[in-house]
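Asker: Got a structure here, written out as structure tokens. Questions coming.
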Amino acid sequence: MLFGLDGVEIGLIIVFLTLFSAILSGFPVAFAIGGAGVISFFIIAALDSAGLLIHQAIDTGSEAYRALVATGVREDTISIFRYPDLPRYAMPVFERGWEMALDRNVSFIVNRINERVIAGASIETLLAVLMFVMMGIVLERSKIANDLLTTMARVFGPLPGGLAVSIVVVGAFLAASTGIVGATVVTMGLLALPTMLRNNYSPELATGVIAASGTLGQIIPPSIVIVLLGTLAGDLYATAQEDRAQLAGCTDALTLLGEPAVVSVGTLFQAALLPGILLAGLYALYAFGFAMFRPQSAPPVQLEGGGGEPVTRGEAFTWYLGVPALLIVGTIVLGQVGLVGSQSTQIDSYSDSGQMASLRTNVSPECQASMIDLHGQEAWDTAVAEQQAIDEAGGVEQSHRLSPEEIEEARAAKIANAAPIGTGLAVIAVILGIVLAWARAVSPSSDPKPLLIGAGGIVLGLLVDVLFIQPNTSPMATVLMMLIPWAISFWAAGKAAGRLSQNDLIRVVFPPLVLIVAVLGSILGGITNPTPAAALGAAGAIMLAAYRKLNEEGRSPKIILMSTFAVAIMILIGMNFDLRVGTEGAGADTWIAFMVAQAAYLYALFGLLFACYVLYKAGVLTPAVRETAKVTSMVFTILVASQLLNLVVISFGGEHYIQSFLQSFDDEHKVFLIVMLVLFILGFVLDFLEIIYIVVPIVGPVIYGGSFDPKWVTIMIAVNLQTSFLTPPFGFALFYLRGVAPSSVTTGHIYRGVIPFVLIQVAGLALLWFAPGIVTIVPDLIPN
């Protein structure tokens, strides 16, 4: 053996040395990866043909091997790492020659490109990357990020360490809108670092908080890292759990787990929300604590501008916080007691199937033992009792088509049990109430009559709903009865919006906040998947940028505002009307609603095209589209190139070798710690794209094939990579910041400044390790 190493080990070393050399050469990384795969393959093939690479394989025909199998050990669990004393024999690393391996690689890469890039199931999810990149670049190019930073600095600046806290807040905003680490770090480095240094902030704190906040895009949804990890995690988890079920003697993963082996990008967004907010909160807490102990290095700063009408603390608490909290909590309480809820009368054509046992019990003894080991004896006994009760009742009730009489009976029951106030109307009332309350908070000295009239319109609408609108009232009749209350309420909301626009904080923060809430809310709430939500975010960012540009030029932004209003009309009509005009029995009200929705759609489309024209004339759209094309083409090219490199590793047995080494450890916690350490080290030299597409597919079948929650595994990987990108001396975020920092800020300042945040990251990882519920609580609360 060459250098005393196994041929597969030498092959892995050649692949990774070639990959690192190609990346460090300065050649475009997307092509460097593919080139590294081709070069390393032919180096390994040449050495193998010369007889220099010898793989020591286990002799499956030996007496010792047969005796081991006779003891009950499964053949697919036997490896040279777990049983190093088994007899071996020498063989080339390419078992059937490198020519056969090359032929298989070429055919596999064509198939994989077709499956994962051109026509695969994951392509729709990957398209969300393009939309999210577009959204973030447009917000950054249109200087909305600059406005956010300036406004937040005015709000938090007077506090000790306030500028640093404002950086964390804006970093979280930009993370939720861009998801690109480099763009966020560079933007905040250019905008915030000079201001912090001019106001006598410590260079260490300034650079540390900017670099750390910039990496929040790795974890706070909609993170591109999570989108890309999610597309892989779903496939890896499903395949690994099927293999695990087969090893456990069960027929499939559903039998073993008691639930489908599925994980989606939307679920991962839910899982990442709380850890992202937690890390941002820890950053802000450190900045505030730093200012408490070293006030001269993080002094309060009173920035010019902002202003607005002075408001007492009592007024601010009452109208900014008290009334909105009362409205939200009150609506939740009314929902719990049944006064607010669904008024839908829609009945499915088929009945629901009867409740099944929590676990399948008609399984083999081997599978039963595995299920008891996984779920516990109590869970198994409960499932057995449930199945026995079902059998005694005649079995599971099967779904069947309902007769007309059964449908009418079910509809009558729904009408009788419907809540007096519909959920949709209650949500609209709460939103309008909050707008009116904030308008009062912004300008307490203004005439309160329009706001009181608007509040009266909201109450009148609720009374009309309770007294006159029934669940079976037609949508057109509902609109006609609610016309006057809605007109009053929206007239007052328009007056309130005029007052809110005079407040810098609300004027600057509210529009991007609404956009982020709309995008994330539609995903986290299970309304839609990430791709349509990303398209909404990209379109909303374009319209926001155009609105800002029109205001800068002194031109009227009414078209943008009316287009936004048209979108709201579409949503309201879609929620209250059945727009399927082609179905049998579609009445005049359905056709009228459809025509109004169609007109609103056409106007919204016109508004979007007009916004694109405004940004094009302003020189914003062209560079944003060009940058989006560059980033997304790089992502997809890396996806293709990484498939080639992975196939090279697979062709000489490298993937199986690594997985056998990891599976040789009996403790899956130890395996996961090893993988996390390797990913952390690789994060110094590889970008997240290379790690996701090259390393994760190799180790994924092991870490996703155990008992860990796949959501927790994925979020731990994302936070680990975020930590790696922050860690001196190789963290990518530090290089981005070094490139835009003034000459007075040294590399030593950046390294010293970021160390506390690295420790915070490590503490966050430890917290997620010992309290995985932080990751799983939101997905458990939100139905998927």
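Chains: A, B, ... in order of the structure tokens. Residues: from 1 per chain. Ligands: from 1, in order shown.
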As a ChimeraX atom specification, please: every residue in region 530-772 of chain A that DSSP puts in alpha helix (DSSP H).
Answerer: /A:530-552,558-576,588-617,621-651,654-663,668-682,688-690,696-703,710-726,732-740,747-770
Asker: For Lys495 (chain A), please output as a PDB file with C-alpha atoms, in the first residue's frame all residues within 10 Å (counting only C-alpha atoms; exclusion window: fewer than 5 positions along the same chain).
Answerer:
ATOM      1  CA  LEU A 436     -56.005  53.400  14.555  1.00  0.00           C
ATOM      2  CA  ALA A 439     -52.137  56.688  14.683  1.00  0.00           C
ATOM      3  CA  PRO A 450     -61.720  60.353  12.585  1.00  0.00           C
ATOM      4  CA  LEU A 451     -60.145  57.626  14.707  1.00  0.00           C
ATOM      5  CA  GLY A 454     -63.223  54.395  12.517  1.00  0.00           C
ATOM      6  CA  PHE A 490     -61.229  52.082   5.749  1.00  0.00           C
ATOM      7  CA  LEU A 500     -48.418  57.254  10.527  1.00  0.00           C
TER       8      LEU A 500
END
Asker: Write out as JSON, numbers by chain each polymer residue whose atoms come within 12 Å of region 294-302 of chain A, counting only C-alpha atoms; drop sequence neighbours fewer than 3 positions from it.
Answerer: {"A": [150, 151, 152, 153, 154, 155, 156, 157, 158, 159, 160, 161, 162, 163, 164, 165, 166, 195, 196, 197, 198, 199, 200, 201, 202, 203, 204, 205, 206, 209, 286, 287, 288, 289, 290, 291, 305, 306, 307]}
Asker: Output N, CA and C atoms for every residue in the selection just made, as a CSV table (one decimal), in the first residue's frame.
Answerer:
chain,number,residue,atom,x,y,z
A,150,THR,N,-30.4,53.9,9.5
A,150,THR,CA,-30.4,55.3,10.1
A,150,THR,C,-31.6,55.5,11.1
A,151,THR,N,-32.7,54.9,10.8
A,151,THR,CA,-33.9,55.1,11.7
A,151,THR,C,-33.7,54.3,13.0
A,152,MET,N,-33.2,53.1,12.9
A,152,MET,CA,-33.0,52.3,14.1
A,152,MET,C,-31.9,53.0,15.0
A,153,ALA,N,-30.9,53.6,14.3
A,153,ALA,CA,-29.9,54.3,15.1
A,153,ALA,C,-30.4,55.4,15.9
A,154,ARG,N,-31.4,56.1,15.3
A,154,ARG,CA,-32.1,57.2,16.0
A,154,ARG,C,-32.9,56.7,17.2
A,155,VAL,N,-33.5,55.5,17.0
A,155,VAL,CA,-34.3,55.0,18.1
A,155,VAL,C,-33.5,54.4,19.2
A,156,PHE,N,-32.5,53.6,18.9
A,156,PHE,CA,-31.7,53.0,20.0
A,156,PHE,C,-30.4,53.8,20.4
A,157,GLY,N,-30.0,54.7,19.5
A,157,GLY,CA,-28.8,55.5,19.8
A,157,GLY,C,-28.7,56.1,21.2
A,158,PRO,N,-29.7,56.7,21.7
A,158,PRO,CA,-29.6,57.3,23.0
A,158,PRO,C,-29.4,56.3,24.2
A,159,LEU,N,-29.5,55.0,23.9
A,159,LEU,CA,-29.3,54.0,25.0
A,159,LEU,C,-27.8,53.7,25.0
A,160,PRO,N,-27.3,53.3,26.1
A,160,PRO,CA,-25.9,52.8,26.2
A,160,PRO,C,-25.7,51.6,25.2
A,161,GLY,N,-24.8,51.7,24.3
A,161,GLY,CA,-24.6,50.6,23.3
A,161,GLY,C,-25.7,50.5,22.3
A,162,GLY,N,-26.4,51.6,22.2
A,162,GLY,CA,-27.6,51.7,21.3
A,162,GLY,C,-27.3,51.5,19.9
A,163,LEU,N,-26.2,52.0,19.4
A,163,LEU,CA,-25.8,51.8,18.0
A,163,LEU,C,-25.6,50.4,17.7
A,164,ALA,N,-24.9,49.7,18.6
A,164,ALA,CA,-24.7,48.3,18.4
A,164,ALA,C,-26.0,47.5,18.4
A,165,VAL,N,-26.9,47.8,19.3
A,165,VAL,CA,-28.2,47.1,19.3
A,165,VAL,C,-28.9,47.4,18.0
A,166,SER,N,-28.8,48.6,17.5
A,166,SER,CA,-29.5,48.9,16.2
A,166,SER,C,-28.9,48.1,15.1
A,195,THR,N,-20.0,55.4,11.1
A,195,THR,CA,-20.8,56.1,12.1
A,195,THR,C,-20.4,55.7,13.5
A,196,MET,N,-20.3,54.4,13.7
A,196,MET,CA,-19.9,53.9,15.1
A,196,MET,C,-18.5,54.4,15.5
A,197,LEU,N,-17.6,54.4,14.6
A,197,LEU,CA,-16.2,54.9,14.9
A,197,LEU,C,-16.2,56.4,15.2
A,198,ARG,N,-17.0,57.2,14.4
A,198,ARG,CA,-17.1,58.6,14.6
A,198,ARG,C,-17.6,58.9,16.0
A,199,ASN,N,-18.5,58.1,16.5
A,199,ASN,CA,-19.1,58.3,17.8
A,199,ASN,C,-18.4,57.6,18.9
A,200,ASN,N,-17.1,57.3,18.7
A,200,ASN,CA,-16.2,56.8,19.8
A,200,ASN,C,-16.6,55.4,20.2
A,201,TYR,N,-17.2,54.6,19.4
A,201,TYR,CA,-17.4,53.2,19.7
A,201,TYR,C,-16.1,52.4,19.5
A,202,SER,N,-15.9,51.4,20.4
A,202,SER,CA,-14.7,50.6,20.3
A,202,SER,C,-14.7,49.9,19.0
A,203,PRO,N,-13.5,49.9,18.3
A,203,PRO,CA,-13.5,49.2,17.0
A,203,PRO,C,-13.8,47.7,17.1
A,204,GLU,N,-13.4,47.1,18.3
A,204,GLU,CA,-13.7,45.7,18.5
A,204,GLU,C,-15.2,45.4,18.5
A,205,LEU,N,-15.9,46.2,19.3
A,205,LEU,CA,-17.4,46.0,19.4
A,205,LEU,C,-18.0,46.3,18.1
A,206,ALA,N,-17.6,47.4,17.4
A,206,ALA,CA,-18.2,47.8,16.2
A,206,ALA,C,-18.1,46.7,15.1
A,209,VAL,N,-19.9,43.2,16.2
A,209,VAL,CA,-21.4,43.2,16.1
A,209,VAL,C,-21.8,43.2,14.6
A,286,TYR,N,-25.4,41.1,24.7
A,286,TYR,CA,-24.0,41.3,24.9
A,286,TYR,C,-23.6,42.7,24.6
A,287,ALA,N,-24.1,43.4,23.5
A,287,ALA,CA,-23.8,44.7,23.2
A,287,ALA,C,-24.2,45.7,24.4
A,288,PHE,N,-25.4,45.4,24.9
A,288,PHE,CA,-25.9,46.2,26.0
A,288,PHE,C,-25.0,46.0,27.3
A,289,GLY,N,-24.7,44.8,27.6
A,289,GLY,CA,-23.8,44.5,28.7
A,289,GLY,C,-22.4,45.1,28.6
A,290,PHE,N,-21.9,45.0,27.3
A,290,PHE,CA,-20.6,45.7,27.1
A,290,PHE,C,-20.6,47.2,27.4
A,291,ALA,N,-21.7,47.8,27.0
A,291,ALA,CA,-21.9,49.3,27.3
A,291,ALA,C,-22.0,49.5,28.8
A,305,GLY,N,-32.3,64.4,13.4
A,305,GLY,CA,-33.4,63.9,12.5
A,305,GLY,C,-34.4,63.2,13.4
A,306,GLY,N,-35.3,62.6,12.7
A,306,GLY,CA,-36.4,61.8,13.4
A,306,GLY,C,-37.4,62.7,14.0
A,307,GLY,N,-37.3,63.0,15.2
A,307,GLY,CA,-38.2,63.9,15.9
A,307,GLY,C,-39.5,63.3,16.0
Asker: Identify which of the residues A:Arg548, A:Thr727, A:Ile469, A:Val15 lies closest to Arg507 (chain A), counting only C-alpha atoms when measuring atom-to-atom distances.
Answerer: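 Comparing A:Arg548, A:Thr727, A:Ile469, A:Val15 against Arg507 (chain A), the winner is A:Arg548.
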Asker: Gly11 (chain A): which residues within 8 Å, counting only C-alpha atoms, same-chain residues fewer than 3 positions away excluded, as a ChimeraX atom specification?
Answerer: /A:7-8,14-15,44,652,654
Asker: For Ser501 (chain A), work out the shell of residues within 12 Å, counting only C-alpha atoms and skipping chain neighbours fewer than 2 positions away, then give it as an NGL selection string.
Answerer: :A and (308 or 435 or 438-439 or 442-443 or 494-499 or 503-511)
Asker: For those residues, write C-alpha atoms to a file as a PDB file, in the first residue's frame.
Answerer:
ATOM      1  CA  GLY A 308     -41.888  63.687  15.563  1.00  0.00           C
ATOM      2  CA  VAL A 435     -53.607  50.991  12.842  1.00  0.00           C
ATOM      3  CA  TRP A 438     -50.834  53.619  16.498  1.00  0.00           C
ATOM      4  CA  ALA A 439     -52.137  56.688  14.683  1.00  0.00           C
ATOM      5  CA  VAL A 442     -48.021  59.019  16.803  1.00  0.00           C
ATOM      6  CA  SER A 443     -50.024  62.237  17.084  1.00  0.00           C
ATOM      7  CA  GLY A 494     -56.712  56.111   5.412  1.00  0.00           C
ATOM      8  CA  LYS A 495     -56.653  59.114   7.758  1.00  0.00           C
ATOM      9  CA  ALA A 496     -54.606  57.075  10.237  1.00  0.00           C
ATOM     10  CA  ALA A 497     -52.149  56.064   7.526  1.00  0.00           C
ATOM     11  CA  GLY A 498     -51.567  59.738   6.732  1.00  0.00           C
ATOM     12  CA  ARG A 499     -50.588  60.367  10.361  1.00  0.00           C
ATOM     13  CA  ASN A 503     -43.443  59.205  11.820  1.00  0.00           C
ATOM     14  CA  ASP A 504     -39.981  58.193  10.611  1.00  0.00           C
ATOM     15  CA  LEU A 505     -39.869  54.894  12.496  1.00  0.00           C
ATOM     16  CA  ILE A 506     -43.186  53.625  11.183  1.00  0.00           C
ATOM     17  CA  ARG A 507     -42.689  55.089   7.705  1.00  0.00           C
ATOM     18  CA  VAL A 508     -39.324  53.344   7.268  1.00  0.00           C
ATOM     19  CA  VAL A 509     -39.757  50.143   9.269  1.00  0.00           C
ATOM     20  CA  PHE A 510     -43.405  49.289   8.656  1.00  0.00           C
ATOM     21  CA  PRO A 511     -43.334  48.597   4.853  1.00  0.00           C
TER      22      PRO A 511
END
Asker: Could you tell me which of A:Met575, A:Leu524, A:Leu721, A:Met595 comes closest to Ile782 (chain A) if we count only C-alpha atoms?
Answerer: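 Of A:Met575, A:Leu524, A:Leu721, A:Met595, the one nearest Ile782 (chain A), counting only C-alpha atoms, is A:Leu524.
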Asker: With distances taken over only C-alpha atoms, which residue among A:Val430, A:Gly338, A:Pro194, A:Ser556 lies nearest Ser744 (chain A)?
Answerer: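 That would be A:Pro194, the residue with the smallest distance to Ser744 (chain A).
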